[in-house]
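Visitor: This one is input-v5.tsv, TSV, C-alpha atoms.
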```tsv
chain	number	residue	atom	x	y	z
A	1	MET	CA	8.55	16.04	-8.60
A	2	ASN	CA	9.24	12.90	-6.59
A	3	LEU	CA	6.43	11.06	-8.35
A	4	ILE	CA	5.04	11.33	-11.87
A	5	LEU	CA	1.31	11.57	-11.27
A	6	LEU	CA	-1.08	10.11	-13.84
A	7	LYS	CA	-4.83	10.41	-14.26
A	8	GLN	CA	-6.83	7.25	-14.79
A	9	SER	CA	-8.26	8.79	-17.97
A	10	GLU	CA	-4.73	9.13	-19.43
A	11	ILE	CA	-3.95	5.42	-19.22
A	12	GLN	CA	-4.23	3.48	-22.48
A	13	THR	CA	-4.00	-0.24	-23.13
A	14	THR	CA	-2.44	-2.35	-25.83
A	15	THR	CA	-2.76	-6.11	-26.31
A	16	THR	CA	-0.11	-8.37	-27.78
A	17	SER	CA	-0.20	-12.09	-28.57
A	18	SER	CA	2.69	-14.51	-28.15
A	19	GLY	CA	3.42	-18.23	-28.43
A	20	GLY	CA	1.16	-20.82	-29.94
A	21	GLY	CA	3.23	-21.67	-33.03
A	22	GLY	CA	0.36	-20.58	-35.26
A	23	ASP	CA	-2.24	-22.31	-33.10
A	24	GLU	CA	-4.81	-19.70	-32.09
A	25	ASN	CA	-5.95	-21.81	-29.12
A	26	THR	CA	-2.57	-21.72	-27.40
A	27	LYS	CA	-1.65	-18.09	-27.96
A	28	VAL	CA	-1.22	-15.96	-24.85
A	29	GLU	CA	-2.53	-12.41	-24.89
A	30	THR	CA	-0.83	-9.79	-22.73
A	31	THR	CA	-2.35	-6.42	-21.94
A	32	SER	CA	0.04	-3.56	-21.28
A	33	LEU	CA	-0.66	-0.13	-19.81
A	34	PHE	CA	0.94	3.04	-21.07
A	35	VAL	CA	0.61	6.82	-21.07
A	36	ASN	CA	1.80	9.17	-23.82
A	37	LEU	CA	3.02	12.56	-22.61
A	38	PRO	CA	3.52	15.27	-25.26
A	39	SER	CA	6.86	17.05	-25.11
A	40	LYS	CA	5.13	20.23	-23.87
A	41	ASP	CA	3.67	18.43	-20.85
A	42	GLU	CA	5.34	19.55	-17.60
A	43	ARG	CA	5.85	15.95	-16.57
A	44	ALA	CA	7.62	15.14	-19.84
A	45	LYS	CA	9.83	18.20	-19.40
A	46	HIS	CA	10.69	17.12	-15.86
A	47	ILE	CA	11.58	13.59	-16.96
A	48	THR	CA	13.76	14.89	-19.81
A	49	ASN	CA	15.34	18.05	-18.43
A	50	HIS	CA	15.53	17.42	-14.69
A	51	LEU	CA	15.69	13.65	-14.24
A	52	HIS	CA	17.61	13.21	-17.53
A	53	LYS	CA	15.94	9.85	-18.11
A	54	LYS	CA	16.84	7.97	-21.27
A	55	SER	CA	14.75	5.39	-23.11
A	56	GLY	CA	14.72	2.15	-21.17
A	57	GLU	CA	15.21	3.76	-17.77
A	58	THR	CA	12.49	3.78	-15.12
A	59	VAL	CA	10.66	6.47	-13.15
A	60	SER	CA	8.33	6.34	-10.16
A	61	ILE	CA	4.70	6.85	-11.11
A	62	GLY	CA	1.39	7.05	-9.27
A	63	ILE	CA	-2.25	7.01	-10.31
A	64	ILE	CA	-4.40	9.67	-8.64
A	65	ASP	CA	-6.31	8.03	-5.78
A	66	GLY	CA	-4.74	4.76	-6.81
A	67	MET	CA	-1.60	2.68	-6.84
A	68	LYS	CA	2.09	3.56	-7.09
A	69	GLY	CA	4.76	1.79	-9.10
A	70	LYS	CA	7.34	2.08	-11.85
A	71	ALA	CA	7.21	2.87	-15.56
A	72	ILE	CA	9.75	2.48	-18.34
A	73	VAL	CA	10.54	5.67	-20.25
A	74	ARG	CA	10.38	5.60	-24.05
A	75	HIS	CA	11.22	8.75	-25.97
A	76	TYR	CA	9.38	8.95	-29.26
A	77	HIS	CA	9.49	11.18	-32.34
A	78	HIS	CA	6.56	10.93	-34.72
A	79	ASN	CA	6.40	12.44	-38.17
A	80	ASN	CA	2.81	13.32	-39.04
A	81	ASN	CA	3.64	12.94	-42.76
A	82	ASN	CA	4.85	9.41	-42.34
A	83	ASN	CA	1.84	7.15	-42.72
A	84	SER	CA	3.88	4.08	-41.96
A	85	GLY	CA	4.50	5.20	-38.40
A	86	ASN	CA	3.51	3.15	-35.36
A	87	ASN	CA	-0.23	3.56	-34.71
A	88	SER	CA	0.28	3.59	-30.95
A	89	MET	CA	2.50	6.65	-31.31
A	90	LYS	CA	-0.18	8.42	-33.30
A	91	GLU	CA	-2.42	8.18	-30.22
A	92	GLY	CA	0.00	10.52	-28.48
A	93	GLY	CA	-1.02	13.32	-30.82
A	94	GLY	CA	1.98	13.31	-33.12
A	95	GLY	CA	5.21	15.26	-32.62
A	96	SER	CA	7.62	14.11	-29.95
A	97	GLY	CA	7.12	13.13	-26.36
A	98	ILE	CA	7.51	10.39	-23.80
A	99	ARG	CA	5.69	7.12	-23.50
A	100	LEU	CA	5.52	5.70	-19.98
A	101	GLU	CA	5.13	1.93	-20.07
A	102	ILE	CA	3.58	1.08	-16.72
A	103	GLN	CA	5.05	-2.04	-15.12
A	104	SER	CA	1.95	-3.71	-13.73
A	105	ASP	CA	3.94	-6.09	-11.52
A	106	THR	CA	5.35	-3.12	-9.58
A	107	LEU	CA	2.01	-1.50	-8.75
A	108	VAL	CA	1.16	-1.47	-5.04
A	109	THR	CA	-1.62	0.11	-3.02
A	110	PRO	CA	-0.26	2.78	-0.65
A	111	GLN	CA	-0.56	1.97	3.04
A	112	ALA	CA	-3.08	3.80	5.20
A	113	THR	CA	-1.61	6.89	6.87
A	114	PRO	CA	-2.82	9.44	9.46
A	115	GLU	CA	-5.25	12.05	8.17
A	116	ILE	CA	-5.50	15.81	8.71
A	117	THR	CA	-8.36	18.13	7.83
A	118	LEU	CA	-7.43	21.81	7.66
A	119	VAL	CA	-10.13	24.38	8.40
A	120	LEU	CA	-8.77	27.68	7.13
A	121	ALA	CA	-10.45	31.09	7.25
A	122	VAL	CA	-9.97	32.55	3.78
A	123	PRO	CA	-6.59	34.31	3.71
A	124	PHE	CA	-4.99	36.85	1.38
A	125	PRO	CA	-5.49	35.54	-2.21
A	126	MET	CA	-1.81	35.24	-3.13
A	127	ARG	CA	-1.13	33.36	0.09
A	128	ILE	CA	-3.75	30.71	-0.58
A	129	LYS	CA	-2.42	30.31	-4.12
A	130	ALA	CA	1.08	29.73	-2.79
A	131	LEU	CA	-0.24	27.40	-0.08
A	132	TRP	CA	-2.15	24.97	-2.31
A	133	PRO	CA	0.87	22.94	-3.50
A	134	VAL	CA	2.56	23.14	-0.10
A	135	ILE	CA	-0.52	21.83	1.72
A	136	ALA	CA	-0.99	19.08	-0.88
A	137	SER	CA	2.62	17.93	-0.49
A	138	PHE	CA	1.85	16.67	3.03
A	139	THR	CA	0.82	13.03	2.78
A	140	SER	CA	-1.39	13.33	5.85
A	141	VAL	CA	-3.55	16.24	4.63
A	142	THR	CA	-6.66	14.79	3.02
A	143	ARG	CA	-9.11	17.68	3.17
A	144	VAL	CA	-9.09	21.48	3.18
A	145	VAL	CA	-12.16	23.48	4.21
A	146	ILE	CA	-12.14	27.20	3.43
A	147	VAL	CA	-14.53	29.21	5.60
A	148	LYS	CA	-15.36	32.83	6.31
A	149	GLY	CA	-14.15	34.21	9.63
A	150	GLN	CA	-15.63	37.26	11.29
A	151	LEU	CA	-12.44	39.19	10.53
A	152	SER	CA	-11.92	37.80	7.03
A	153	ASN	CA	-11.75	40.38	4.26
A	154	PRO	CA	-15.00	39.98	2.24
A	155	GLU	CA	-13.17	40.88	-0.96
A	156	PHE	CA	-11.05	37.73	-0.65
A	157	ASN	CA	-14.10	35.47	-1.02
A	158	ALA	CA	-14.28	36.18	-4.76
A	159	THR	CA	-10.65	35.35	-5.54
A	160	LYS	CA	-10.13	33.06	-8.51
A	161	ASN	CA	-7.61	31.14	-6.39
A	162	LEU	CA	-10.57	29.40	-4.75
A	163	LEU	CA	-11.80	28.03	-8.10
A	164	PRO	CA	-11.21	24.34	-8.95
A	165	GLU	CA	-9.61	25.16	-12.31
A	166	VAL	CA	-6.96	27.13	-10.42
A	167	TYR	CA	-6.28	25.00	-7.36
A	168	HIS	CA	-6.53	21.50	-8.90
A	169	PRO	CA	-3.29	21.82	-10.96
A	170	LEU	CA	-1.51	23.33	-7.95
A	171	ILE	CA	-2.70	20.48	-5.74
A	172	GLU	CA	-1.47	17.89	-8.24
A	173	LYS	CA	1.91	19.61	-8.33
A	174	GLY	CA	2.09	19.35	-4.55
A	175	MET	CA	1.08	15.69	-4.61
A	176	MET	CA	3.91	14.94	-7.05
A	177	GLN	CA	6.36	16.79	-4.82
A	178	GLY	CA	5.13	14.88	-1.77
A	179	GLY	CA	5.27	11.56	-3.61
A	180	HIS	CA	1.74	10.38	-2.85
A	181	THR	CA	-1.43	9.65	-4.81
A	182	ARG	CA	-4.21	10.43	-2.34
A	183	GLN	CA	-6.33	13.24	-3.76
A	184	LEU	CA	-6.93	16.31	-1.61
A	185	LYS	CA	-10.62	17.08	-1.09
A	186	VAL	CA	-11.52	20.78	-1.03
A	187	ASP	CA	-14.66	22.41	0.36
A	188	VAL	CA	-14.95	26.15	-0.32
A	189	CYS	CA	-17.62	27.58	1.99
A	190	VAL	CA	-17.42	31.32	1.37
A	191	GLY	CA	-20.71	31.89	-0.48
A	192	ASP	CA	-23.58	34.00	0.78
A	193	ASP	CA	-25.50	30.87	1.79
A	194	ASP	CA	-22.62	29.58	3.91
A	195	GLY	CA	-22.35	32.60	6.19
A	196	ILE	CA	-19.68	33.09	8.85
A	197	VAL	CA	-18.22	29.91	10.33
A	198	SER	CA	-20.75	28.39	12.72
A	199	LYS	CA	-21.56	25.17	14.57
A	200	GLN	CA	-24.21	24.40	11.96
A	201	LEU	CA	-21.68	24.74	9.14
A	202	LEU	CA	-19.09	22.57	10.90
A	203	GLU	CA	-21.75	19.97	11.63
A	204	ARG	CA	-22.89	19.95	8.00
A	205	LEU	CA	-19.27	19.38	6.97
A	206	GLY	CA	-18.96	16.45	9.39
A	207	LEU	CA	-16.30	18.09	11.55
A	208	LEU	CA	-17.96	17.80	14.96
A	209	CYS	CA	-17.49	14.98	17.42
A	210	ASN	CA	-19.74	12.09	16.40
A	211	ASN	CA	-20.02	10.24	19.72
A	212	GLY	CA	-22.85	12.38	21.03
A	213	ASP	CA	-20.73	14.06	23.71
A	214	ASP	CA	-19.52	17.54	22.94
A	215	ASP	CA	-19.28	18.59	26.58
A	216	ASN	CA	-15.89	19.09	28.15
A	217	SER	CA	-14.34	15.73	28.85
A	218	SER	CA	-12.00	14.80	31.65
A	219	ASP	CA	-8.86	15.60	29.73
A	220	GLY	CA	-9.58	19.18	28.77
A	221	GLY	CA	-11.12	19.06	25.30
A	222	GLY	CA	-14.44	18.23	23.67
A	223	GLY	CA	-16.09	14.89	23.02
A	224	ASP	CA	-13.71	11.95	22.86
A	225	ASP	CA	-14.03	10.22	19.47
A	226	GLY	CA	-10.28	9.78	19.08
A	227	ILE	CA	-9.88	12.73	16.68
A	228	ALA	CA	-7.64	15.59	17.76
A	229	ARG	CA	-9.39	18.91	17.13
A	230	LEU	CA	-6.98	21.82	17.47
A	231	PHE	CA	-7.98	25.47	17.55
A	232	LEU	CA	-4.93	27.56	16.66
A	233	ASP	CA	-4.80	31.30	17.16
A	234	CYS	CA	-1.80	33.58	17.31
A	235	GLU	CA	-2.70	35.51	20.45
A	236	ASP	CA	-5.61	36.99	22.36
A	237	ASP	CA	-5.14	37.11	26.10
A	238	GLU	CA	-8.79	38.04	26.65
A	239	ILE	CA	-10.04	34.61	25.59
A	240	LYS	CA	-7.41	32.56	27.40
A	241	THR	CA	-8.67	31.11	30.69
A	242	SER	CA	-5.57	28.92	30.94
A	243	PRO	CA	-2.41	28.50	28.88
A	244	PRO	CA	-3.12	26.29	25.86
A	245	ARG	CA	-1.29	23.02	25.51
A	246	ALA	CA	1.32	22.43	22.83
A	247	ALA	CA	-0.15	21.04	19.61
A	248	ARG	CA	1.82	17.80	19.95
A	249	ALA	CA	0.47	17.20	23.45
A	250	VAL	CA	-3.12	17.67	22.28
A	251	VAL	CA	-2.67	15.17	19.45
A	252	LEU	CA	-1.12	12.51	21.67
A	253	ALA	CA	-3.80	12.94	24.33
A	254	ARG	CA	-6.65	12.74	21.85
A	255	CYS	CA	-5.44	10.08	19.43
A	256	CYS	CA	-4.03	7.61	21.95
A	257	GLY	CA	-7.20	7.70	24.02
A	258	LYS	CA	-9.65	5.26	22.39
A	259	SER	CA	-7.38	2.24	22.67
A	260	SER	CA	-3.85	1.36	23.70
A	261	SER	CA	-2.98	-0.46	20.49
A	262	LEU	CA	-3.99	-0.92	16.87
A	263	THR	CA	-6.28	-3.69	15.65
A	264	THR	CA	-6.91	-5.00	12.16
A	265	THR	CA	-9.92	-2.68	11.92
A	266	SER	CA	-8.32	0.38	13.49
A	267	ALA	CA	-8.25	3.53	11.39
A	268	PRO	CA	-5.07	5.62	11.48
A	269	PRO	CA	-5.19	8.54	13.94
A	270	SER	CA	-6.55	11.80	12.58
A	271	ALA	CA	-6.76	15.49	13.43
A	272	ILE	CA	-8.64	18.65	12.48
A	273	ILE	CA	-6.78	21.98	12.60
A	274	ALA	CA	-8.58	25.33	12.61
A	275	ILE	CA	-6.51	28.37	11.60
A	276	GLY	CA	-7.89	31.90	11.39
A	277	PRO	CA	-7.37	34.70	8.86
A	278	GLU	CA	-4.67	37.39	8.94
A	279	ARG	CA	-6.45	39.25	11.74
A	280	GLY	CA	-7.05	36.09	13.71
A	281	TRP	CA	-10.16	34.57	15.27
A	282	THR	CA	-12.52	36.65	17.41
A	283	THR	CA	-13.51	35.93	21.02
A	284	ASP	CA	-16.89	34.64	19.83
A	285	GLU	CA	-15.22	32.29	17.35
A	286	ALA	CA	-12.83	31.03	20.02
A	287	THR	CA	-15.81	30.27	22.25
A	288	LEU	CA	-17.61	28.57	19.36
A	289	PHE	CA	-14.75	26.22	18.56
A	290	THR	CA	-13.57	25.40	22.09
A	291	THR	CA	-16.88	25.38	23.98
A	292	GLU	CA	-19.50	24.29	21.45
A	293	CYS	CA	-17.62	22.29	18.81
A	294	GLY	CA	-15.20	20.08	20.74
A	295	PHE	CA	-11.96	21.79	19.73
A	296	GLU	CA	-9.10	22.40	22.14
A	297	ALA	CA	-6.98	25.54	22.07
A	298	ALA	CA	-3.43	24.65	21.13
A	299	THR	CA	-0.20	26.52	20.59
A	300	LEU	CA	2.70	26.28	18.15
A	301	GLY	CA	4.93	28.30	20.48
A	302	ASN	CA	5.25	31.89	21.64
A	303	SER	CA	5.78	33.47	18.23
A	304	ILE	CA	3.02	35.33	16.39
A	305	LEU	CA	2.98	33.73	12.95
A	306	ARG	CA	1.69	34.78	9.56
A	307	VAL	CA	-1.17	32.67	8.25
A	308	ASP	CA	0.95	30.83	5.70
A	309	THR	CA	3.66	30.14	8.29
A	310	ALA	CA	1.08	28.91	10.81
A	311	VAL	CA	-0.46	26.58	8.22
A	312	ILE	CA	2.87	24.99	7.33
A	313	ALA	CA	4.14	24.81	10.93
A	314	GLY	CA	0.80	23.54	12.23
A	315	ILE	CA	0.49	20.78	9.64
A	316	GLY	CA	4.12	19.79	10.14
A	317	ILE	CA	3.87	19.54	13.94
A	318	VAL	CA	0.50	17.78	13.94
A	319	SER	CA	1.57	15.41	11.16
A	320	ALA	CA	4.69	14.40	13.10
A	321	ALA	CA	2.62	13.91	16.27
A	322	LEU	CA	0.12	11.72	14.42
A	323	ASP	CA	2.98	9.59	13.07
A	324	GLU	CA	4.36	9.31	16.60
A	325	CYS	CA	0.96	8.28	17.92
A	326	TYR	CA	0.55	5.73	15.12
A	327	GLU	CA	3.88	4.14	16.05
A	328	LEU	CA	2.96	4.08	19.76
A	329	LEU	CA	-0.36	2.40	19.02
A	330	ALA	CA	1.37	-0.11	16.75
A	331	ARG	CA	3.62	-1.03	19.67
A	332	GLY	CA	0.67	-1.17	22.09
A	333	GLU	CA	1.92	1.80	24.11
A	334	GLY	CA	-0.94	4.24	23.53
A	335	SER	CA	-2.27	3.92	27.09
A	336	ILE	CA	1.07	5.00	28.51
A	337	ILE	CA	0.96	8.33	26.71
A	338	ARG	CA	-2.72	8.73	27.51
A	339	GLY	CA	-2.00	8.38	31.23
A	340	GLU	CA	0.86	10.86	31.08
A	341	GLU	CA	-1.25	13.43	29.24
A	342	LYS	CA	-4.14	13.13	31.70
A	343	GLU	CA	-1.79	13.79	34.59
A	344	ASP	CA	-0.41	16.80	32.70
A	345	VAL	CA	-3.93	18.24	32.30
A	346	LYS	CA	-4.69	17.72	35.99
A	347	ARG	CA	-1.53	19.62	36.91
A	348	GLN	CA	-2.46	22.47	34.56
A	349	ARG	CA	-5.93	22.74	36.10
A	350	LYS	CA	-4.50	22.70	39.60
A	351	ASP	CA	-1.97	25.41	38.71
A	352	GLY	CA	-4.72	27.49	37.04
```
Could you write out this file's structure as structure tokens?
Guide:
Amino acid sequence: MNLILLKQSEIQTTTTSSGGGGDENTKVETTSLFVNLPSKDERAKHITNHLHKKSGETVSIGIIDGMKGKAIVRHYHHNNNNNSGNNSMKEGGGGSGIRLEIQSDTLVTPQATPEITLVLAVPFPMRIKALWPVIASFTSVTRVVIVKGQLSNPEFNATKNLLPEVYHPLIEKGMMQGGHTRQLKVDVCVGDDDGIVSKQLLERLGLLCNNGDDDNSSDGGGGDDGIARLFLDCEDDEIKTSPPRAARAVVLARCCGKSSSLTTTSAPPSAIIAIGPERGWTTDEATLFTTECGFEAATLGNSILRVDTAVIAGIGIVSAALDECYELLARGEGSIIRGEEKEDVKRQRKDG
């Protein structure tokens, strides 16, 4: 854990008065924030056994979908038979544990960062369970959409690893490892009413281009709303009319296209990645994504990857490309990359 993650519902308050010399009108009241973690809590164990924090030392904390800051560690031991004990310690449920005294003056709102939505055809159950914390550790991943592919195993749709009570704790573990507070949104679309992945489903989920142009644009992909939509598949020569571009090139071409620099109202660049199941996407699905839904076929290299490897590699490459694009836009150099990428597409078309 690189961040101790706290829920808003766990935060308690205490008010103390100081000054005034007995005059009630001049007393100053101070409200403090704290969280009591029982000794059995995984976060308390991490603070004690891994970080070896002593009372009075600080740790980095974050509030889910909120601010980040510091908290002072206080180890406590409460005897349930001792009625003279501190009432605030009793709120921790008795026994021993750790109180985190949140330092309000250190709390800051995290800066806006690039965003990635992962569209994943439901994989082998144990793979998705292992992937939840890994996906959530990436700061840029804000949404995961699980869909049914034509070649997905129907038995996988009923796995308990797609239930909120299973994946929420795993996601929070990944967020703590990644050191960020932005909650990962999950849409599981594997029910009978959802059907196989379709344009209607993607539109309902808000994943299609929203500028009214989903025809092929001049630079090789779908409608140009500044979002990079990448269709990743391991290999199927039958559906390839031309070699796909590298994932990084697609991101730079798409995300540096709407403007050459950032403005005060500019949103960070974003991307949508579509990754198929173990048996890959079908020809019909490839046509759906790349012809009807504004996605561009992209490659992570020549290797045929397992689903879990493709997810991690794809997010890593796209995340780094989005960061690169963000820096270029901040320096006002987005148009330079855009021009280079357009020339690259023209050369590919000419060669094809």
Visitor: Under the rule that all atoms listed in the file are counted, which of A:Asn153, A:Asn161, A:Thr13, A:Thr299 is the nearest residue to A:Ala249?
Guide: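 Counting all atoms listed in the file, the residue closest to A:Ala249 is A:Thr299.
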Visitor: Could the residues of stretch 288-343 of chain A that have an atom at most 8 Å from stretch 193-199 of chain A be listed as JSON lines, each with its closest atom pair and the distance in Å to one decimal, counting only C-alpha atoms and ordered by chain and ascending residue number?
Guide:
```
{"residue": "A:Leu288", "atom": "CA", "partner": "A:Lys199", "partner_atom": "CA", "distance": 7.1}
{"residue": "A:Phe289", "atom": "CA", "partner": "A:Lys199", "partner_atom": "CA", "distance": 8.0}
{"residue": "A:Glu292", "atom": "CA", "partner": "A:Lys199", "partner_atom": "CA", "distance": 7.2}
{"residue": "A:Cys293", "atom": "CA", "partner": "A:Lys199", "partner_atom": "CA", "distance": 6.5}
```
Visitor: Using all atoms listed in the file, pick whichever of A:Trp281, A:Phe156, A:Tyr167, A:Phe231 has the shortest atom-to-atom distance to A:Val134.
Guide: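 The answer is A:Tyr167, which sits nearest to A:Val134.
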Visitor: Compare A:Met126, A:Leu162, A:Ile98, A:Val307 by their minimum atom-to-atom distance to A:Asp187, counting only C-alpha atoms, and give me the closest one.
Guide: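 Closest candidate: A:Leu162.
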Visitor: In the coordinates of the file, take the point (-6.1, 20.4, -11.8) and a cut-off of 12 Å; then, counting all atoms listed in the file, name each qualifying protein, DNA or RNA residue as a ChimeraX atom specification.
Guide: /A:5-7,64,132-133,163-175,183-184
Visitor: Name the closest residue to A:Leu151 among the candidates A:Pro244, A:Ala112, A:Met1, A:Val122; distances are taken between atoms, counting only C-alpha atoms.
Guide: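 Once distances to A:Leu151 are computed over only C-alpha atoms, the minimum belongs to A:Val122.
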Visitor: Which residues are close to A:Tyr326, i.e. within 9 Å by only C-alpha atoms, leaving aside same-chain residues fewer than 3 positions away? Reply as a PyMOL selection string.
Guide: chain A and resi 113-114+255-256+261-262+268-269+321-323+329-331+334
Visitor: Separation of atom CA of A:Phe138 and atom CA of A:Ile272, in Å?
Guide: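 Straight-line distance from atom CA of A:Phe138 to atom CA of A:Ile272 works out to 14.3 Å.
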Visitor: To one decimal place, how far is atom CA of A:Asp105 from atom CA of A:Val141 in Å?
Guide: 28.6 Å
Visitor: In Å, with one decimal, what is the gap from atom CA of A:Pro277 to atom CA of A:Gly206?
Guide: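 Straight-line distance from atom CA of A:Pro277 to atom CA of A:Gly206 works out to 21.6 Å.
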